[in-house]
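These notes are about the structure you will find just below.
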Amino acid sequence: ENEIKKYKEDNYTEVSEDTKSDFWKGVIKSYVTTDRNIIVRQKNNEKGPRQYVIYGYDYNDHDYENVLWSYETKKIYEGEYLDTLENPDNEDILFVIEDEKISSLDTKTGKINWSIKLSEIKPSAFLVYEGKLFLMDYYHTEDILILDVATGKLLKSLNFKSLDSYELYLTGIIGDELIITDYSSETIYSLNVNTGSIKESKITFAITEDFYEE
């Protein structure tokens, strides 16, 4: 017992608060799985193309000293989209969106499960539901794509067009109805994923005084 205690004392290096603070500089997102900590860091903070590096650490590596794997995205220029999206149904998958390309990243190994380039849209609005990945363009779209999460195979393309819209979100799915919220025109659309029929409802967004209370 004393030997174990001495070993821990000899091999423990305290990390200063300055070092910890430096580590989090440039971090865009972080994800926690059962046995991994996933860190998404912006590679360069200067002007020019953006680029992310995704790192995988052991869950118990609280000082983030040993990188298990890393994945570097391509350079993304102005007007292009770059993001990551966790899979609520499977923590071993992280989706990486690099403008027109979307990839499925294995969070245990850092390897790519599949990658697909989408010429129809630049995916920037997403929803994962029951093994399906729904994609659409945040700004303008005429198509909503449904991919198989496991393989990346295109299962279906749904026609959808919202005129003069620049703030579209995939906000949920109820039964067979995909719910799309357009904040710019204060409209909620209900799109049937089987028939393609669309219903729309006008809404008014209001911010109450409670919103500003701390």
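Letters A, B, ... mark the chains of the structure tokens in the order given; residue numbers begin at 1 per chain; ligand numbers begin at 1, in order shown.
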For this session: Would you please extract all strand (DSSP E) residues from stretch 65-204 of chain A, as assigned by DSSP on the backbone, and give them as an NGL selection string?
Result: :A and (67-72 or 82-86 or 93-98 or 101-106 or 112-117 or 125-129 or 132-136 or 143-148 or 154-159 or 168-174 or 177-182 or 187-192 or 198-202)
Please build the interface table for stretch 66-149 of chain A against stretch 41-57 of chain A with a cut-off of 7 Å, listing for each qualifying residue the nearest atom pair and the distance in Å to one decimal; count only C-alpha atoms, order rows by chain and increasing number, and write it as JSON lines.
{"residue": "A:Asn66", "atom": "CA", "partner": "A:Tyr57", "partner_atom": "CA", "distance": 6.6}
{"residue": "A:Val67", "atom": "CA", "partner": "A:Tyr57", "partner_atom": "CA", "distance": 5.4}
{"residue": "A:Leu68", "atom": "CA", "partner": "A:Gly56", "partner_atom": "CA", "distance": 5.4}
{"residue": "A:Trp69", "atom": "CA", "partner": "A:Gly56", "partner_atom": "CA", "distance": 5.3}
{"residue": "A:Ser70", "atom": "CA", "partner": "A:Tyr55", "partner_atom": "CA", "distance": 4.4}
{"residue": "A:Tyr71", "atom": "CA", "partner": "A:Ile54", "partner_atom": "CA", "distance": 5.1}
{"residue": "A:Glu72", "atom": "CA", "partner": "A:Val53", "partner_atom": "CA", "distance": 4.4}
{"residue": "A:Thr73", "atom": "CA", "partner": "A:Tyr52", "partner_atom": "CA", "distance": 5.4}
{"residue": "A:Lys74", "atom": "CA", "partner": "A:Gln51", "partner_atom": "CA", "distance": 6.2}
{"residue": "A:Lys75", "atom": "CA", "partner": "A:Gln51", "partner_atom": "CA", "distance": 4.9}
{"residue": "A:Ile76", "atom": "CA", "partner": "A:Arg50", "partner_atom": "CA", "distance": 5.0}
{"residue": "A:Tyr77", "atom": "CA", "partner": "A:Pro49", "partner_atom": "CA", "distance": 4.5}
{"residue": "A:Glu78", "atom": "CA", "partner": "A:Pro49", "partner_atom": "CA", "distance": 6.9}
{"residue": "A:Thr107", "atom": "CA", "partner": "A:Gly56", "partner_atom": "CA", "distance": 6.9}
Determine, counting only C-alpha atoms, which protein, DNA and RNA residues have an atom within 7 Å of an atom of stretch 164-178 of chain A; residues of the same chain fewer than 4 positions away are not included. Present the result as a PDB file with N, CA, C and O atoms, in the first residue's frame.
ATOM      1  N   ALA A 125     -27.929  22.386 -41.161  1.00  0.00           N
ATOM      2  CA  ALA A 125     -28.978  22.137 -40.177  1.00  0.00           C
ATOM      3  C   ALA A 125     -29.170  20.624 -40.115  1.00  0.00           C
ATOM      4  O   ALA A 125     -29.267  19.966 -41.152  1.00  0.00           O
ATOM      5  N   PHE A 126     -29.204  20.086 -38.889  1.00  0.00           N
ATOM      6  CA  PHE A 126     -29.125  18.633 -38.745  1.00  0.00           C
ATOM      7  C   PHE A 126     -30.120  18.124 -37.705  1.00  0.00           C
ATOM      8  O   PHE A 126     -30.511  18.841 -36.788  1.00  0.00           O
ATOM      9  N   LEU A 127     -30.465  16.858 -37.868  1.00  0.00           N
ATOM     10  CA  LEU A 127     -31.268  16.163 -36.861  1.00  0.00           C
ATOM     11  C   LEU A 127     -30.974  14.679 -36.980  1.00  0.00           C
ATOM     12  O   LEU A 127     -30.963  14.126 -38.092  1.00  0.00           O
ATOM     13  N   TYR A 138     -28.972  25.637 -43.897  1.00  0.00           N
ATOM     14  CA  TYR A 138     -29.454  26.619 -42.924  1.00  0.00           C
ATOM     15  C   TYR A 138     -30.073  27.832 -43.603  1.00  0.00           C
ATOM     16  O   TYR A 138     -31.024  28.421 -43.114  1.00  0.00           O
ATOM     17  N   TYR A 139     -29.522  28.228 -44.754  1.00  0.00           N
ATOM     18  CA  TYR A 139     -29.950  29.472 -45.400  1.00  0.00           C
ATOM     19  C   TYR A 139     -31.037  29.254 -46.441  1.00  0.00           C
ATOM     20  O   TYR A 139     -32.120  29.788 -46.346  1.00  0.00           O
ATOM     21  N   HIS A 140     -30.753  28.472 -47.467  1.00  0.00           N
ATOM     22  CA  HIS A 140     -31.731  28.235 -48.534  1.00  0.00           C
ATOM     23  C   HIS A 140     -31.669  26.757 -48.903  1.00  0.00           C
ATOM     24  O   HIS A 140     -30.600  26.164 -48.955  1.00  0.00           O
ATOM     25  N   ASP A 182     -38.743  28.181 -39.244  1.00  0.00           N
ATOM     26  CA  ASP A 182     -38.154  29.279 -40.005  1.00  0.00           C
ATOM     27  C   ASP A 182     -38.315  30.549 -39.173  1.00  0.00           C
ATOM     28  O   ASP A 182     -39.381  31.151 -39.129  1.00  0.00           O
ATOM     29  N   TYR A 183     -37.241  30.932 -38.474  1.00  0.00           N
ATOM     30  CA  TYR A 183     -37.326  32.079 -37.587  1.00  0.00           C
ATOM     31  C   TYR A 183     -37.424  33.392 -38.344  1.00  0.00           C
ATOM     32  O   TYR A 183     -37.970  34.369 -37.833  1.00  0.00           O
ATOM     33  N   SER A 184     -36.903  33.441 -39.559  1.00  0.00           N
ATOM     34  CA  SER A 184     -36.917  34.700 -40.310  1.00  0.00           C
ATOM     35  C   SER A 184     -38.332  35.092 -40.733  1.00  0.00           C
ATOM     36  O   SER A 184     -38.658  36.271 -40.799  1.00  0.00           O
ATOM     37  N   SER A 185     -39.175  34.108 -41.031  1.00  0.00           N
ATOM     38  CA  SER A 185     -40.552  34.410 -41.437  1.00  0.00           C
ATOM     39  C   SER A 185     -41.566  33.986 -40.379  1.00  0.00           C
ATOM     40  O   SER A 185     -42.767  34.047 -40.612  1.00  0.00           O
ATOM     41  N   SER A 190     -44.481  21.510 -41.143  1.00  0.00           N
ATOM     42  CA  SER A 190     -44.566  20.088 -40.813  1.00  0.00           C
ATOM     43  C   SER A 190     -44.495  19.316 -42.127  1.00  0.00           C
ATOM     44  O   SER A 190     -45.400  19.401 -42.958  1.00  0.00           O
ATOM     45  N   LEU A 191     -43.390  18.578 -42.307  1.00  0.00           N
ATOM     46  CA  LEU A 191     -43.139  17.867 -43.558  1.00  0.00           C
ATOM     47  C   LEU A 191     -43.253  16.363 -43.327  1.00  0.00           C
ATOM     48  O   LEU A 191     -42.519  15.793 -42.515  1.00  0.00           O
ATOM     49  N   ASN A 192     -44.188  15.713 -44.019  1.00  0.00           N
ATOM     50  CA  ASN A 192     -44.354  14.265 -43.893  1.00  0.00           C
ATOM     51  C   ASN A 192     -43.230  13.566 -44.649  1.00  0.00           C
ATOM     52  O   ASN A 192     -43.081  13.750 -45.860  1.00  0.00           O
ATOM     53  N   VAL A 193     -42.425  12.772 -43.930  1.00  0.00           N
ATOM     54  CA  VAL A 193     -41.244  12.161 -44.547  1.00  0.00           C
ATOM     55  C   VAL A 193     -41.618  11.026 -45.495  1.00  0.00           C
ATOM     56  O   VAL A 193     -40.779  10.581 -46.292  1.00  0.00           O
ATOM     57  N   ASN A 194     -42.849  10.545 -45.455  1.00  0.00           N
ATOM     58  CA  ASN A 194     -43.289   9.475 -46.350  1.00  0.00           C
ATOM     59  C   ASN A 194     -43.931  10.019 -47.616  1.00  0.00           C
ATOM     60  O   ASN A 194     -43.644   9.557 -48.722  1.00  0.00           O
TER      61      ASN A 194
END
Problem set entry | Residues near A:Ile116, cut-off 8 Å, only C-alpha atoms, skip fewer than 6 positions along chain, as a PyMOL selection string | chain A and resi 101-103+152
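For stretch 198-200 of chain A, the set of protein, DNA and RNA residues having any atom at most 9 Å away, when counting only C-alpha atoms and skipping those fewer than 2 positions along the same chain, is A:Phe160, A:Thr187, A:Ile188, A:Tyr189, A:Ser190, A:Leu191, A:Asn192, A:Thr195, A:Gly196, A:Lys202.
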For this session: For stretch 85-91 of chain A, work out the shell of residues within 10 Å, counting only C-alpha atoms and skipping chain neighbours fewer than 5 positions away, then give it as a count of residues only.
Result: 23
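The space between atom CA of A:Glu80 and atom CA of A:Ser115 spans 17.6 Å.
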